[in-house]
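Trainee: First the structure, which I've put down as structure tokens, then a few questions once you've had a look.
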Amino acid sequence: AEFTALDNQADDGAGEEEAELSQPVLAVVGRPNVGKSTLVNRILGRREAVVQDTPGVTRDRVAYDAQWAGRRFTLVDTGGWEPSATGLQASVAAQAELAMKTADAVLVVVDASVGATATDEAVAKVLRRSKRPVLLAANKVDDERLMSDVASLWSLGLGEPYPVSALHGRSSGDLLDAIVNALPEAPREGAVVAGPRRVALVGKPNVGKSSLLNKLTGEQRSVVDSVAGTTVDPVDSLVELDGQVWRFVDTAGLRKRVHTASGAEYYASLRTKAAIDSSEVVIVLLDASEPLSEQDLRVLTSVVESGRACVLALNKWDLVDEDRRYQLEKELDRGLVRVTWAERVNISALTGRAVRKLAPSLRTALSSWDQRVPTGQLNSWLSELIAATPPPVRGGKQPKVLFATQAGIRPPTLVLFTTGFLEAGYRRFIERKFRERFGFEGSPVRINVRVRE
Ligand code: GDP
Ligand code: GDP
């Protein structure tokens, strides 16, 4: 494989599977003026128009979400790349080289009214070595008379030339059919689970989980009957909170008190993991009256690794006085660096203080977890960011970020396609800026890097 998911964020358990979730990538190459941008616009329809270029200015967007016959893919316009090679022929060939290593399929565009030029030949020579599918678009075939010129493009050795007129939209349907046939199928994103959203309530023993659950369910066990057509797993509880019904998963264990048995802690941690795995959003209860403990950090690690959305509930707030409050702030800033994105709610399961406030935080966290930034918007933001603060040079080389896509949701996962390794510090910088721009409060964001070998 040309690609390895070399560089997953080791610290949050993002794995190769996430990268596999990417929409397939189609890169468009060809020399200037053959009609690449026009064709890209044609393929995108009105969905995400390509920004018009000013000569001499790098395009601010290079990748877009495209769709044909119900198949989604990422369309990359290599015209926005700045290859290091100089001279037109060398630089277009270098673009083709990168495209071949980066994309799942390559679309090469030639101008049929001109025929194959030396630059087209150079590009074809590169692409003939491609292990990925290559499609050949013969553009500017505005009428039948040019069909004989199209046939001559077989000489490029890239298979059948597809005649199109990007300007008039002629025959682009046939080309698009060929494109989606050539691209690998995008794996389906996790099926949406219907019904109430699934919440796990976790935290170390004695933090107040069963007290909170009792407060939340109160006398309203009847809500179970009021949700039409819902079969409730007896280990879960349906809870109405702030006008919405939530499914608290695996709560049966919380109602039983088995803290004394030997090995209880081990079983508690297994139970915690199982609850997190079957949830979409996790409420992590912390005891505000005590310092953060090792056990708290272990629970938080499980949550971060799971990729679930998260709300931090600081319980026993009724015991917190002015002095403790100040101390707590410092402890939390130090202890919660890996979940700075999670909202904090100060509650008391005993008095019921602010318990309702958990609902808006849960909603925010889930909507972040479900959020997707369109590829065009993402790249427009990213190219600006990288122009202002390029990745640090490593071993004398400046890694380039070619483009990015948000490969998945639940959790939101970005894939950066680069020509070199990106340091953890730089990835964190990207994540921080990404959150400043797009939000994602309450949800983890994973950043995977695909380095071409
Ligand atoms: P790029 O540099 O490869 O991105 O090319 P552009 O998309 O900017 O197009 C270059 C020129 O060719 C523009 O003036 C377009 O209007 C024109 N053009 C693009 N597609 C067609 C086509 O199918 N037929 C004709 N006649 N002109 C086209
Ligand atoms: P669990 O082990 O996490 O389920 O914790 P419990 O709900 O059993 O609570 C452990 C102890 O903490 C009990 O004595 C509760 O009464 C007490 N507790 C729970 N929540 C609060 C709170 O908000 N304030 C105070 N002061 N005590 C609480």
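Following the order of the structure tokens, chains are lettered A, B, ..., residues in each are numbered from 1, and ligands are numbered from 1.
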Could you build a table of the residues in chain A lying no more than 6 Å from ligand 2, giving for each the nearest pair of atoms and their separation in Å rounded to one decimal place, using only C-alpha atoms and all ligand atoms, ordered by chain and ascending residue number, as CSV?

Mentor:
residue,atom,partner,partner_atom_place_in_ligand_line,distance
A:Pro205,CA,ligand 2,2 (O),4.0
A:Asn206,CA,ligand 2,2 (O),3.3
A:Val207,CA,ligand 2,3 (O),4.1
A:Gly208,CA,ligand 2,7 (O),3.3
A:Lys209,CA,ligand 2,3 (O),3.7
A:Ser210,CA,ligand 2,4 (O),3.8
A:Ser211,CA,ligand 2,7 (O),3.6
A:Leu254,CA,ligand 2,4 (O),5.7
A:Asn315,CA,ligand 2,23 (O),5.1
A:Lys316,CA,ligand 2,23 (O),3.3
A:Asp318,CA,ligand 2,24 (N),5.7
A:Leu319,CA,ligand 2,26 (N),5.7
A:Ser348,CA,ligand 2,23 (O),3.4
A:Ala349,CA,ligand 2,23 (O),3.9
A:Leu350,CA,ligand 2,23 (O),4.1

Trainee: Those same residues - C-alpha atoms - I'd like them written as a tab-separated table (two decimals), in the first residue's frame.

Mentor:
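And here's out_2.tsv as it stands now:
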chain	number	residue	atom	x	y	z
A	205	PRO	CA	-17.34	4.25	43.90
A	206	ASN	CA	-19.14	6.63	46.28
A	207	VAL	CA	-19.02	9.56	43.89
A	208	GLY	CA	-22.81	9.64	43.84
A	209	LYS	CA	-23.90	7.65	40.78
A	210	SER	CA	-26.83	5.85	42.36
A	211	SER	CA	-27.88	9.01	44.21
A	254	LEU	CA	-25.68	1.13	39.99
A	315	ASN	CA	-20.98	16.33	42.24
A	316	LYS	CA	-21.34	17.11	45.95
A	318	ASP	CA	-23.14	21.38	48.37
A	319	LEU	CA	-19.90	20.55	50.23
A	348	SER	CA	-25.57	18.03	43.91
A	349	ALA	CA	-27.24	14.66	43.64
A	350	LEU	CA	-28.23	15.05	47.27

Trainee: Using only C-alpha atoms and all ligand atoms, determine which residues fall within 9 Å of ligand 1, then list them as a PyMOL selection string.

Mentor: chain A and resi 29-41+52-53+77+79+109-111+113+138-142+164-170

Trainee: For N, CA and C atoms, I'd like the residues from the last selection saved as a short mmCIF file (atom, residue, chain, number, x, y, z; two decimals), in the first residue's frame.

Mentor:
data_model
loop_
_atom_site.label_atom_id
_atom_site.label_comp_id
_atom_site.auth_asym_id
_atom_site.auth_seq_id
_atom_site.Cartn_x
_atom_site.Cartn_y
_atom_site.Cartn_z
N VAL A 29 -6.17 15.82 -12.25
CA VAL A 29 -4.90 16.40 -12.70
C VAL A 29 -4.98 16.78 -14.18
N GLY A 30 -4.02 17.56 -14.59
CA GLY A 30 -3.94 17.98 -15.99
C GLY A 30 -3.26 19.32 -16.07
N ARG A 31 -2.82 19.66 -17.27
CA ARG A 31 -2.10 20.94 -17.39
C ARG A 31 -3.09 22.11 -17.31
N PRO A 32 -2.58 23.31 -17.10
CA PRO A 32 -3.47 24.47 -16.97
C PRO A 32 -4.32 24.67 -18.23
N ASN A 33 -5.51 25.18 -18.04
CA ASN A 33 -6.40 25.57 -19.13
C ASN A 33 -7.11 24.46 -19.88
N VAL A 34 -6.94 23.22 -19.43
CA VAL A 34 -7.66 22.14 -20.11
C VAL A 34 -9.12 22.10 -19.64
N GLY A 35 -9.42 22.82 -18.54
CA GLY A 35 -10.81 22.88 -18.07
C GLY A 35 -11.05 22.11 -16.78
N LYS A 36 -10.00 21.91 -15.99
CA LYS A 36 -10.16 21.16 -14.73
C LYS A 36 -11.17 21.82 -13.79
N SER A 37 -10.98 23.13 -13.58
CA SER A 37 -11.90 23.81 -12.63
C SER A 37 -13.33 23.78 -13.15
N THR A 38 -13.46 23.98 -14.45
CA THR A 38 -14.81 23.96 -15.04
C THR A 38 -15.43 22.58 -14.84
N LEU A 39 -14.63 21.56 -15.03
CA LEU A 39 -15.13 20.19 -14.88
C LEU A 39 -15.46 19.89 -13.40
N VAL A 40 -14.59 20.35 -12.51
CA VAL A 40 -14.85 20.15 -11.08
C VAL A 40 -16.17 20.82 -10.70
N ASN A 41 -16.35 22.05 -11.18
CA ASN A 41 -17.62 22.75 -10.92
C ASN A 41 -18.81 21.98 -11.48
N GLN A 52 -13.28 31.18 -7.77
CA GLN A 52 -12.52 31.60 -8.96
C GLN A 52 -11.10 32.01 -8.58
N ASP A 53 -10.17 31.61 -9.41
CA ASP A 53 -8.78 31.92 -9.11
C ASP A 53 -8.39 33.30 -9.59
N ASP A 77 -8.82 18.97 -6.29
CA ASP A 77 -8.32 19.70 -7.45
C ASP A 77 -6.83 19.96 -7.23
N GLY A 79 -4.78 21.39 -8.88
CA GLY A 79 -4.34 22.72 -9.31
C GLY A 79 -4.01 23.61 -8.12
N VAL A 109 -7.34 15.16 -17.07
CA VAL A 109 -8.13 15.93 -18.04
C VAL A 109 -7.20 16.42 -19.14
N VAL A 110 -7.59 16.17 -20.39
CA VAL A 110 -6.85 16.76 -21.51
C VAL A 110 -7.82 17.55 -22.38
N ASP A 111 -7.26 18.45 -23.16
CA ASP A 111 -8.07 19.29 -24.03
C ASP A 111 -8.11 18.62 -25.41
N SER A 113 -9.58 19.43 -28.04
CA SER A 113 -9.50 20.32 -29.20
C SER A 113 -8.05 20.65 -29.54
N ALA A 138 -11.60 13.56 -21.98
CA ALA A 138 -11.26 14.36 -23.16
C ALA A 138 -12.22 15.55 -23.15
N ASN A 139 -11.71 16.69 -22.68
CA ASN A 139 -12.61 17.83 -22.48
C ASN A 139 -12.69 18.72 -23.73
N LYS A 140 -13.65 19.62 -23.66
CA LYS A 140 -13.92 20.60 -24.73
C LYS A 140 -14.44 19.93 -26.00
N VAL A 141 -15.08 18.78 -25.82
CA VAL A 141 -15.74 18.15 -26.97
C VAL A 141 -17.16 18.74 -27.02
N ASP A 142 -17.21 19.97 -27.56
CA ASP A 142 -18.48 20.70 -27.55
C ASP A 142 -19.43 20.17 -28.63
N VAL A 164 -16.09 14.76 -23.00
CA VAL A 164 -17.01 15.62 -22.24
C VAL A 164 -16.86 17.06 -22.69
N SER A 165 -17.89 17.82 -22.41
CA SER A 165 -17.77 19.26 -22.52
C SER A 165 -18.12 19.82 -21.15
N ALA A 166 -17.08 20.19 -20.40
CA ALA A 166 -17.32 20.67 -19.04
C ALA A 166 -18.17 21.93 -19.09
N LEU A 167 -17.96 22.72 -20.14
CA LEU A 167 -18.66 23.99 -20.28
C LEU A 167 -20.15 23.77 -20.48
N HIS A 168 -20.50 22.81 -21.32
CA HIS A 168 -21.91 22.60 -21.66
C HIS A 168 -22.52 21.40 -20.96
N GLY A 169 -21.71 20.67 -20.22
CA GLY A 169 -22.25 19.54 -19.46
C GLY A 169 -22.43 18.29 -20.29
N ARG A 170 -21.93 18.29 -21.51
CA ARG A 170 -22.14 17.18 -22.40
C ARG A 170 -21.48 15.90 -21.88
#

Trainee: Mind checking which residues fall within 6 Å of segment 439-451 of chain A, counting only C-alpha atoms, ignoring those fewer than 6 positions away in the same chain, and posting them as a short mmCIF file (atom, residue, chain, number, x, y, z; two decimals) with N, CA and C atoms, in the first residue's frame?

Mentor:
data_model
loop_
_atom_site.label_atom_id
_atom_site.label_comp_id
_atom_site.auth_asym_id
_atom_site.auth_seq_id
_atom_site.Cartn_x
_atom_site.Cartn_y
_atom_site.Cartn_z
N ALA A 5 -1.39 4.35 7.85
CA ALA A 5 -1.88 5.29 8.87
C ALA A 5 -0.79 5.33 9.92
N ASP A 7 0.56 7.57 11.56
CA ASP A 7 0.66 8.52 12.63
C ASP A 7 -0.70 8.82 13.21
N ASN A 8 -1.25 7.84 13.87
CA ASN A 8 -2.49 8.12 14.57
C ASN A 8 -2.14 8.80 15.87
N ALA A 309 -18.86 11.13 23.30
CA ALA A 309 -19.05 12.49 23.79
C ALA A 309 -19.06 12.46 25.32
N CYS A 310 -18.84 13.59 25.95
CA CYS A 310 -18.67 13.57 27.40
C CYS A 310 -19.09 14.87 28.07
N TRP A 341 -12.14 19.92 26.33
CA TRP A 341 -13.30 20.19 25.46
C TRP A 341 -14.63 19.82 26.12
N ALA A 342 -14.59 19.13 27.26
CA ALA A 342 -15.84 18.69 27.90
C ALA A 342 -16.41 19.80 28.78
N GLU A 343 -17.73 19.96 28.71
CA GLU A 343 -18.37 20.95 29.58
C GLU A 343 -18.40 20.45 31.02
N ALA A 365 -23.10 18.19 23.59
CA ALA A 365 -22.07 17.19 23.35
C ALA A 365 -22.47 16.26 22.20
N SER A 368 -22.30 17.97 18.78
CA SER A 368 -20.91 18.05 18.33
C SER A 368 -20.42 16.70 17.81
N TRP A 369 -20.84 15.67 18.51
CA TRP A 369 -20.40 14.31 18.17
C TRP A 369 -20.92 13.91 16.79
N PRO A 412 -16.10 12.72 15.63
CA PRO A 412 -15.58 13.44 14.47
C PRO A 412 -14.11 13.09 14.24
N THR A 413 -13.79 12.70 13.04
CA THR A 413 -12.43 12.26 12.73
C THR A 413 -11.94 12.95 11.47
N LEU A 414 -10.83 13.65 11.61
CA LEU A 414 -10.23 14.31 10.45
C LEU A 414 -9.11 13.44 9.91
N VAL A 415 -8.95 13.43 8.61
CA VAL A 415 -7.78 12.79 8.01
C VAL A 415 -7.03 13.87 7.24
N LEU A 416 -5.76 14.05 7.60
CA LEU A 416 -4.91 15.00 6.89
C LEU A 416 -4.02 14.21 5.95
N PHE A 417 -4.01 14.58 4.70
CA PHE A 417 -3.14 13.94 3.71
C PHE A 417 -1.90 14.81 3.58
N THR A 418 -0.74 14.23 3.90
CA THR A 418 0.47 15.05 3.98
C THR A 418 1.62 14.39 3.24
N THR A 419 2.68 15.17 3.05
CA THR A 419 3.89 14.62 2.44
C THR A 419 4.94 14.35 3.51
N GLY A 420 4.58 14.43 4.75
CA GLY A 420 5.57 14.16 5.79
C GLY A 420 4.90 14.05 7.13
#

Trainee: Could you check which of A:Gly396, A:Gly203, A:Gly352, A:Pro391 is closest to Gln295 of chain A, using only C-alpha atoms?

Mentor: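 When distances to Gln295 of chain A are compared using only C-alpha atoms, the smallest one comes from A:Gly203.
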
Trainee: Taking only C-alpha atoms into account, which of A:Leu176, A:Ala182, A:Leu241, A:Leu212 comes nearest Leu285 of chain A?

Mentor: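 Answer, going by the shortest atom-to-atom distance: A:Leu212.
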
Trainee: Using only C-alpha atoms, find the one residue out of A:Leu158, A:Leu26, A:Val373, A:Val199 that sits nearest to Ser279 of chain A.

Mentor: A:Val199

Trainee: Nearest residue to Ala112 of chain A out of A:Ala137, A:Ala186, A:Ala424, A:Val76, using only C-alpha atoms?

Mentor: A:Ala137

Trainee: Which one is closest to Leu292 of chain A: A:Ser171, A:Gln327, A:Gln377, A:Ser269? Count only C-alpha atoms.

Mentor: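 Once distances to Leu292 of chain A are computed over only C-alpha atoms, the minimum belongs to A:Gln327.
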
Trainee: Of the residues A:Glu423, A:Lys433, A:Gln371, A:Lys357, which is the one nearest to Gly408 of chain A, using only C-alpha atoms?

Mentor: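 Checking each candidate against Gly408 of chain A, we get A:Gln371 as the closest.
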
Trainee: Just how far from atom CA of Asp149 of chain A is atom CA of Val108 of chain A, in Å to one decimal?

Mentor: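 Rounded to one decimal, the two atoms are 16.4 Å apart.
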
Trainee: Using DSSP assignments from the backbone, pull out every residue in segment 266-447 of chain A that falls under helix (DSSP H, G or I) and give it to me as a PyMOL selection string.

Mentor: chain A and resi 266-277+294-306+317-319+322-335+337-339+355-369+375-388+424-438

Trainee: Residues within 12 Å of Val337 of chain A, please, as a list in words. Count only C-alpha atoms; anything in the same chain fewer than 3 positions from it doesn't count.

Mentor: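 Near Val337 of chain A, the qualifying residues are Leu297, Leu300, Thr301, Val304, Lys330, Glu331, Leu332, Asp333, Arg334, Thr340, Trp341, Ala342 and Arg428 of chain A.
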
Trainee: When DSSP works through the backbone of this structure, what residues of segment 364-431 of chain A end up as strand (DSSP E), shown as a list of chain:residue names?

Mentor: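 Secondary structure check on segment 364-431 of chain A, strand (DSSP E): A:Val401, A:Leu402, A:Phe403, A:Ala404, A:Thr405, A:Gln406, A:Ala407, A:Gly408, A:Thr413, A:Leu414, A:Val415, A:Leu416, A:Phe417, A:Thr418.
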
Trainee: Could you write out the selected residues, including C-alpha atoms, as a PDB file, in the first residue's frame?

Mentor:
ATOM      1  CA  VAL A 401      -0.500  19.208   4.138  1.00  0.00           C
ATOM      2  CA  LEU A 402      -2.164  18.566   0.780  1.00  0.00           C
ATOM      3  CA  PHE A 403      -5.768  18.475   1.892  1.00  0.00           C
ATOM      4  CA  ALA A 404      -8.049  17.157   4.583  1.00  0.00           C
ATOM      5  CA  THR A 405     -11.434  15.559   4.901  1.00  0.00           C
ATOM      6  CA  GLN A 406     -13.631  14.856   7.854  1.00  0.00           C
ATOM      7  CA  ALA A 407     -13.717  11.129   7.382  1.00  0.00           C
ATOM      8  CA  GLY A 408     -16.245  10.369  10.041  1.00  0.00           C
ATOM      9  CA  THR A 413     -12.431  12.257  12.731  1.00  0.00           C
ATOM     10  CA  LEU A 414     -10.230  14.308  10.447  1.00  0.00           C
ATOM     11  CA  VAL A 415      -7.783  12.793   8.014  1.00  0.00           C
ATOM     12  CA  LEU A 416      -4.913  14.997   6.889  1.00  0.00           C
ATOM     13  CA  PHE A 417      -3.144  13.938   3.709  1.00  0.00           C
ATOM     14  CA  THR A 418       0.469  15.046   3.983  1.00  0.00           C
TER      15      THR A 418
END

Trainee: Rounded to one decimal place, report the atom CA of Asp321 of chain A-atom CA of Asn346 of chain A distance in Å.

Mentor: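 We find that atom CA of Asp321 of chain A and atom CA of Asn346 of chain A lie 12.7 Å from each other.
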
Trainee: Take atom CA of Leu156 of chain A and atom CA of Leu175 of chain A and report the distance between them in Å, one decimal.

Mentor: 17.5 Å
